[in-house]
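K.L.:
Provided herewith is a single structure, encoded as structure tokens, for subsequent inquiry.
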Amino acid sequence: MTRKVAVYYAIMAALLVVVGFYQSWNVAFGILNLCLISAIMALGVNMQWGYAGLFNVGIMGFTALGGLTAVLVSMPPVSEAWKAGGGGIALSFLILIGTVIAALVARRRVPAYLKLPVTIAIIIVGFILIRVFYLPAVDRIEEVNPAHTGYLGGMNLPIVISWAAGGLVAAGAAWFIGKIALGLRADYLAIATLGISEIIIAIIKYEEWLTRGVKNVTGLPRPVPYEVELVETEWFVSLANWFGAADLADTASLFVKVCYAALFVVVLGIIMWFAERALKSPWGRMMRAIRDNRDAASAMGKDVTWRHLQVFILGCATCGIAGAMMTTLDGQLTPTSYIPLRYTFLIWVMVILGGSGNNWGAVLGGFVIWFLWIEAAPFGQWFMQTITLPMDEDNWLKQHLINGAAYTRFLLMGTILLAVMRFAPRGVIPER
Amino acid sequence: MEIANALALFANFVLVPGTAYGAQLALGALGVTLIFGILRFANFSHGELMSFGTMAVILATWFLQGQGVDISPLPTALLALPAGILVAIAMSLATDRFVFRFYRQKRSNPIVFAIASVGVMFVYAGLVRIVIGPDDQSFADGARFIITAWEFEEMTGLDEGIAIKQSQVVTLVVAVAVMTALFWFLQKTRSGKAMRAYSDNEDLSLLSGINPDRVVMIAWIIAAALATIAGTLYGLDKTYKPFIFLQILLPIFAATILGGIGQPIGAILGGFVVAYSEVMVTYAYKKFLAYLGPADWAPDSLIQLLSTDYKFAVSFLILVAVLLIRPTGIIRGKVIG
Amino acid sequence: MTGGYGGADIIFDCDITVEKSEIAVVVGPNGAGKSTAMKAVFGMLDLREGSVLLDGQDITHMAPQNRVRIGMGFVPQNRNVFVSLTVEENLEMGAFIREDDISETMEQVYHLFPILKEKRNQPAGELSGGQRQQVAVGRALMTQPKLLMLDEPTAGVSPIVMDDLFDRILETAKTGIAILMVEQNARQALEIADHGFVMVQGKNRFIDTGKALLANPEVRRSFLGG
């Protein structure tokens with residue numbers, strides 16, 4: 001069993017090495033870094049699906065929350081914007097909390113038939129109050145130097161902190177959605193998570209005072225050196241010379257990627273260690289018992305919904321961590337880049353391919369699928385070129401097919417998912 | 001007069017577009033609820049099935065336009081609709097044969113079906129983007145307006161006009177016709193009753209000799225037809241963009257759950273409730289209130305509850321409210337575990 | 001018959017027969033295998049030994065759906081009506097396999113259960129427990145079965161309704177149908193039974209006419225509470 005796993009990982013490593021030699025090491029490490037992040041996301045989803053059988057279709061939202069956290073933690077605060085609208089935002093936030101508390105208290109105090117009307121009334125009043133302070137504050141913040149800031153900025157802390165913080169934020173959102181949808185039938189959780197992830201993306205896209213929206217936040221601080229500084233650093237130049245590197249700039253960018261890879265491996269290692277410990281602990285065994293026979297577990301007095309909430313929060317937090325790492329790697333937050341096929345459903349392909357319930361499988365799935373996702377583009381191009389070879393250069397069908405080549409990756413992913421589910425439903429590395 | 005103006009304004013920006021959108025959502029939700037009721041899983045590929053069917057309609061429309069076929073003032077797409085429906089039916093029957101039937105025979109968990117439908121979604125999405133590309137496609141032709149805002153003002157002497165687009169009327173007429181046909185089928189025909197029986201109580205329907213394969217086949221045929229019609233009407237009314245169909249899944253699911261899973265009437269109600277809520281919550285009431293208030297009185301802000309960017313939040317909030325208050329939906333649907 | 005659900009056998013050498021126009025009742029304590037015996041007759045579990053004959057035809061290996069076609073009707077204990085369909089639609093669905101005119105059979109069912117005619121356009125889910133059981137029996141009668149099998153038809157209905165139901169079952173038998181039923185309410189059931197089978201731990205302990213079983217002191221003491 002373990003030998004099989006080792007062989008699979010060796011093949012995967014070999015594939016990356018092949019890319020290193022034939023394309024370039026920069027490409028290989030670029031793929032590797034996202035493989036590592038994908039692997040973490042797959043681990044998160046595997047906790048939910050593999051351990052507990054929860055169908056989460058909102059991975060994108062939790063990833064994006066991690067990305068948002070990266071901005072809020074690392075960017076310098078915009079003091080002018082804070083002066084202009086910070087108070088208004090803070091006040092509306094307090095009113096929001098007040099409204100929620102008021103609604104909760106009122107629901108306890110009033111008789112049952114008044115519950116719904118009173119709750120709605122409180123929410124409406126709170127909503128109007130919030131808008132009174134919120135909208136002008138937003139306008140004032142967004143007026144502050146809109147070309148460069150126009151948002152509140154962040155806390156100016158090292159970005160690595162945001163990796164943990166991103167996990168916490170995602171966990172909070174997961175708690176909220178889990179409270180609502182867990183305990184109902186399984187598809188409801190799926191649909192509710194689909195909804196929350198769309199809303200999170202909408203917030204990130206349109207709340208410019210918070211995220212600059214579609215203007216993107218760029219130039220996030222890095223946990224690793226900058227290329228331009230590296231090429232002027234003595235030790236780096238001599239290191240590059242020692243390796244006999246031809247292009248210094250190229251080597252610098254490779255070096256940066258290697259640094260990231262090292263950091264990511266550490267994070268993946270830590271999460272993996274916890275995930276494996278958890279899976280083998282009594283907690284993990286109970287989780288699987290609940291998954292396999294929910295009724296029996298609940299008859300034994302296990303609080304199934306609470307257990308599900310725990311694992312749901314943990315899984316989402318893991319996705320949040322990965323999201324913060326991804327935004328760190330990109331160096332910018334691009335809200336429009338979040339699309340569900342790439343950030344939610346692709347992760348599902350990884351987990352199903354790797355082997356639901358097996359962490360080593362999930363990680364391998366993350367690697368393989370990301371690798372294929374990237375390499376499917378040149379492959380699709382080559383494929384379309386080949387089948388259209390007999391056609392004229394300016395044949396419309398040929399042009400059309402070559403233009404569409406990038407989307408063979410969707411076809412490929414769907415086929416992989418369906419084929420694995422059908423012919424190897426336990427995945428490449430099945431659950432032990 | 002002022003009140004009439006206010007109502008005209010409201011009708012123009014909320015009632016008319018909301019009704020058309022509601023009909024489109026209702027048709028989509030009918031397909032989802034049917035599959036939910038018969039095959040008992042949340043079909044995530046339904047949005048892409050809509051996209052796929054609509055793509056087939058667009059290709060057929062272009063072909064007809066190229067041949068010089070013209071049924072103006074009606075859009076050519078209506079003529080192309082049957083061809084698109086046939087393509088979508090063929091596709092979904094093939095999908096059932098090669099994907100879902102296997103899990104049905106194994107009596108797999110509904111979640112397994114749902115995940116398989118994610119795979120199907122990928123395949124459809126890929127096919128659509130390879131064949132027609134990821135960009136906007138316009139295929140609406142024929143007359144644009146039944147009545148323009150200006151004509152309406154001329155006619156009634158009001159300051160506010162109600163513009164009615166042809167696509168909106170076409171949407172409503174087609175939707176009503178399709179829904180009538182569907183309910184006639186479900187209520188009056190033997191196969192329709194068998195479908196309802198199967199959805200109600202699978203074991204007992206087997207005891208009664210109802211053939212499950214046939215029921216499932218009819219369910220896919222109807223779902224594919226509904227999906228194509230819904231997608232085409234949406235495309236005529238707004239625009240055809242492949243990525244829209246991933247987003248529209250959310251309001252459709254919200255409508256399905258709101259109406260009660262497996263309940264066709266519920267799906268229609270749910271579609272309209274979601275659509276009207278979306279339009280009403282994102283409508284700016286400033287001008288509307290200005291008409292109703294005293295002269296020269298106008299609110300400062302737009303009086304818009306939520307910016308249009310958050311229209312999907314409305315579906316989500318409805319969904320959350322239903323899950324919290326009445327998980328069975330308006331018309332008691334199936335809630336398992 | 002000997003068989004079970006794949007694991008250990010639940011019924012052993014169990015013999016049940018019923019003739020045309022007669023009522024056979026299987027009674028016995030909980031867990032005796034009454035329902036299992038019923039399912040065995042209907043082909044819902046595999047028999048390890050023994051056989052099932054209908055009109056002398058061996059149908060041991062026939063699928064339940066096909067048994068419906070050759071004249072067996074089955075009324076399950078739970079979920080035995082289509083709750084969202086009207087009474088009339090329930091009856092129509094009962095006759096789904098028939099290609100001929102069903103209106104006559106439907107009139108017969110309405111004649112047997114007059115209340116159903118009154119409520120023909122109401123969803124079956126809105127009816128009372130006893131009326132629902134009538135719908136369930138009516139649905140099974142729509143195929144014009146030779147043998148009607150009822151799994152605890154009086155479970156969960158009030159004593160008055162129960163008496164009424166037994167009366168209707170008697171009347172149904174008089175139309176020339178063989179009826180096999182499993183019952184919890186042993187005493188009342190045996191009163192209308194032509195044949196009674198007392199099952200204990202998967203075996204037939206007593207086989208006799210209903211009246212004789214009621215008179216049998218041992219049966220009375222052990223199963224009828226004195």
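Ordering of the structure tokens sets the chain letters (A, B, ...), residue numbers begin anew at 1 in every chain, and ligands are numbered from 1 in the order given.
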Taking only C-alpha atoms into account, report as a VMD selection string which residues of chain B lie within 12 Å of chain C.
P.N.:
chain B and resid 186 to 212 262 to 263 331 to 334
K.L.:
Taking only C-alpha atoms into account, what are the residues of chain A at most 6 Å from chain B, put as a count of residues only?
P.N.:
10
K.L.:
Apply DSSP to the structure's backbone, then extract all residues of stretch 55-176 of chain C labelled strand (DSSP E or B) and return them as a count of residues only.
P.N.:
13
K.L.:
Report, in Å to a single decimal, how far apart atom CA of A:Tyr51 and atom CA of A:Thr415 are.
P.N.:
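Separation between atom CA of A:Thr415 and atom CA of A:Tyr51: 24.9 Å.
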K.L.:
Run DSSP on the backbone of this structure and report the residues of stretch 96-150 of chain C it assigns to alpha helix (DSSP H), as a list in words.
P.N.:
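Answer for stretch 96-150 of chain C, restricted to alpha helix (DSSP H): Ser103, Glu104, Thr105, Met106, Glu107, Gln108, Val109, Tyr110, His111, Leu112, Pro114, Ile115, Leu116, Lys117, Glu118, Gly129, Gly130, Gln131, Arg132, Gln133, Gln134, Val135, Ala136, Val137, Gly138, Arg139, Ala140 and Leu141 of chain C.
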K.L.:
If you count only C-alpha atoms, which residues fall within 9 Å of stretch 21-31 of chain C, apart from same-chain ones fewer than 2 positions away, as a ChimeraX atom specification?
P.N.:
/C:16-19,33-35,37-38,169-170,172-186,189-190,192-202,209-210,223
K.L.:
Can those selected residues be exported to a file as a short mmCIF file (atom, residue, chain, number, x, y, z; two decimals), in the first residue's frame so that it contains N, CA and C atoms?
P.N.:
```
data_model
loop_
_atom_site.label_atom_id
_atom_site.label_comp_id
_atom_site.auth_asym_id
_atom_site.auth_seq_id
_atom_site.Cartn_x
_atom_site.Cartn_y
_atom_site.Cartn_z
N ILE C 16 -48.02 -22.25 3.84
CA ILE C 16 -49.21 -21.41 3.85
C ILE C 16 -50.00 -21.67 2.58
N THR C 17 -51.29 -21.97 2.73
CA THR C 17 -52.10 -22.15 1.54
C THR C 17 -53.39 -21.36 1.70
N VAL C 18 -53.94 -20.95 0.58
CA VAL C 18 -55.23 -20.28 0.63
C VAL C 18 -55.97 -20.59 -0.67
N GLU C 19 -57.27 -20.81 -0.52
CA GLU C 19 -58.09 -21.17 -1.68
C GLU C 19 -58.94 -19.98 -2.10
N GLY C 33 -41.84 -13.82 12.22
CA GLY C 33 -41.58 -14.01 10.80
C GLY C 33 -42.82 -13.93 9.95
N LYS C 34 -43.88 -13.32 10.49
CA LYS C 34 -45.14 -13.24 9.74
C LYS C 34 -44.95 -12.44 8.45
N SER C 35 -44.41 -11.21 8.63
CA SER C 35 -44.24 -10.36 7.46
C SER C 35 -43.24 -10.97 6.49
N ALA C 37 -42.76 -14.12 5.96
CA ALA C 37 -43.44 -15.16 5.21
C ALA C 37 -44.24 -14.55 4.07
N MET C 38 -44.87 -13.43 4.38
CA MET C 38 -45.65 -12.73 3.38
C MET C 38 -44.77 -12.28 2.22
N ILE C 169 -63.17 -6.66 3.98
CA ILE C 169 -62.27 -7.71 3.50
C ILE C 169 -63.07 -8.99 3.25
N LEU C 170 -64.01 -9.27 4.18
CA LEU C 170 -64.89 -10.42 3.99
C LEU C 170 -65.64 -10.31 2.68
N THR C 172 -64.84 -8.58 0.08
CA THR C 172 -63.91 -8.72 -1.04
C THR C 172 -63.71 -10.20 -1.34
N ALA C 173 -63.53 -11.01 -0.29
CA ALA C 173 -63.31 -12.44 -0.49
C ALA C 173 -64.50 -13.06 -1.21
N LYS C 174 -65.69 -12.56 -0.86
CA LYS C 174 -66.89 -13.14 -1.45
C LYS C 174 -66.94 -12.94 -2.95
N THR C 175 -66.23 -11.93 -3.48
CA THR C 175 -66.23 -11.73 -4.93
C THR C 175 -65.36 -12.75 -5.63
N GLY C 176 -64.79 -13.71 -4.87
CA GLY C 176 -64.06 -14.80 -5.51
C GLY C 176 -62.56 -14.65 -5.46
N ILE C 177 -62.07 -13.80 -4.55
CA ILE C 177 -60.63 -13.58 -4.47
C ILE C 177 -60.11 -14.31 -3.23
N ALA C 178 -58.94 -14.89 -3.38
CA ALA C 178 -58.29 -15.49 -2.22
C ALA C 178 -57.56 -14.40 -1.47
N ILE C 179 -57.70 -14.38 -0.15
CA ILE C 179 -57.04 -13.33 0.62
C ILE C 179 -56.11 -13.93 1.65
N LEU C 180 -54.91 -13.42 1.63
CA LEU C 180 -53.92 -13.85 2.61
C LEU C 180 -53.50 -12.62 3.39
N MET C 181 -53.68 -12.66 4.72
CA MET C 181 -53.24 -11.48 5.45
C MET C 181 -52.50 -11.81 6.72
N VAL C 182 -51.67 -10.87 7.09
CA VAL C 182 -50.91 -10.96 8.33
C VAL C 182 -51.58 -10.00 9.29
N GLU C 183 -51.83 -10.44 10.53
CA GLU C 183 -52.53 -9.55 11.45
C GLU C 183 -51.95 -9.55 12.86
N GLN C 184 -51.98 -8.37 13.44
CA GLN C 184 -51.63 -8.23 14.85
C GLN C 184 -52.85 -8.54 15.72
N ASN C 185 -54.00 -8.05 15.25
CA ASN C 185 -55.23 -8.24 16.03
C ASN C 185 -55.76 -9.64 15.79
N ALA C 186 -55.10 -10.60 16.44
CA ALA C 186 -55.30 -12.01 16.12
C ALA C 186 -56.75 -12.44 16.29
N ALA C 189 -59.15 -11.15 13.64
CA ALA C 189 -58.78 -11.66 12.34
C ALA C 189 -59.17 -13.13 12.20
N LEU C 190 -58.95 -13.91 13.29
CA LEU C 190 -59.26 -15.33 13.21
C LEU C 190 -60.77 -15.56 13.08
N ILE C 192 -62.81 -14.02 11.22
CA ILE C 192 -63.27 -14.02 9.83
C ILE C 192 -62.46 -14.98 8.97
N ALA C 193 -61.50 -15.68 9.56
CA ALA C 193 -60.58 -16.48 8.76
C ALA C 193 -61.14 -17.87 8.48
N ASP C 194 -60.96 -18.31 7.23
CA ASP C 194 -61.27 -19.71 6.92
C ASP C 194 -60.12 -20.59 7.38
N HIS C 195 -58.91 -20.08 7.17
CA HIS C 195 -57.73 -20.80 7.64
C HIS C 195 -56.90 -19.89 8.51
N GLY C 196 -56.36 -20.42 9.58
CA GLY C 196 -55.47 -19.63 10.42
C GLY C 196 -54.13 -20.32 10.53
N PHE C 197 -53.10 -19.53 10.51
CA PHE C 197 -51.75 -20.06 10.69
C PHE C 197 -51.12 -19.32 11.85
N VAL C 198 -50.74 -20.05 12.89
CA VAL C 198 -50.08 -19.40 14.01
C VAL C 198 -48.59 -19.64 13.86
N MET C 199 -47.86 -18.58 13.71
CA MET C 199 -46.41 -18.71 13.50
C MET C 199 -45.66 -18.35 14.77
N VAL C 200 -44.67 -19.19 15.08
CA VAL C 200 -43.79 -18.89 16.21
C VAL C 200 -42.37 -19.17 15.76
N GLN C 201 -41.51 -18.23 15.93
CA GLN C 201 -40.09 -18.38 15.58
C GLN C 201 -39.90 -18.98 14.19
N GLY C 202 -40.64 -18.44 13.24
CA GLY C 202 -40.43 -18.84 11.85
C GLY C 202 -41.05 -20.16 11.48
N THR C 209 -58.79 -24.18 11.05
CA THR C 209 -59.71 -23.13 10.65
C THR C 209 -59.65 -22.05 11.71
N GLY C 210 -60.09 -20.87 11.36
CA GLY C 210 -60.05 -19.76 12.29
C GLY C 210 -60.81 -20.07 13.57
N PHE C 223 -51.41 -17.01 22.80
CA PHE C 223 -51.37 -15.91 21.85
C PHE C 223 -52.54 -14.96 21.93
#
```
K.L.:
Extract, using only C-alpha atoms, all DNA, RNA and protein residues at most 6 Å from stretch 157-168 of chain C, discarding same-chain residues fewer than 3 positions from it, and format them as a ChimeraX atom specification.
P.N.:
/C:130,154,171
K.L.:
Which residues are close to A:Gln310, i.e. within 12 Å by only C-alpha atoms, leaving aside same-chain residues fewer than 5 positions away? Reply as a ChimeraX atom specification.
P.N.:
/A:47-48,51-52,54,171-172,174-176,178-179,182,278,283-284,287,303-305,315-317
K.L.:
Atom CA of A:Val256 and atom CA of A:Ile270, how far apart in Å?
P.N.:
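Distance reported for this atom pair: 21.6 Å.
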K.L.:
Excluding stretch 165-175 of chain B and any residue of its chain fewer than 2 positions from it, enumerate the residues within 8 Å of it, using only C-alpha atoms, and give them as a list in words.
P.N.:
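Near stretch 165-175 of chain B, the qualifying residues are Val16, Pro17, Thr19, Ala20, Ala23, Gln24, Leu27, Ala143, Arg144, Phe145, Ile146, Ile147, Thr148, Ala163, Ala177, Val178, Met179, Leu233, Leu236 and Asp237 of chain B.
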K.L.:
Which of these, C:Asp15, C:Ala63, C:Thr86, C:Asp100, has the shortest distance to C:Ser51 once you count only C-alpha atoms?
P.N.:
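Closest residue, counting only C-alpha atoms: C:Asp15.
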K.L.:
Any idea what the distance is between atom CA of B:Leu158 and atom CA of B:Pro73?
P.N.:
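Value for the atom CA of B:Leu158-atom CA of B:Pro73 distance: 27.5 Å.
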K.L.:
Tell me, as a PyMOL selection string, which residues lie within 12 Å of A:Pro430, counting only C-alpha atoms; anything in the same chain fewer than 6 positions away does not count.
P.N.:
chain A and resi 1-2+4-5+50+351-362+364-365+420+424
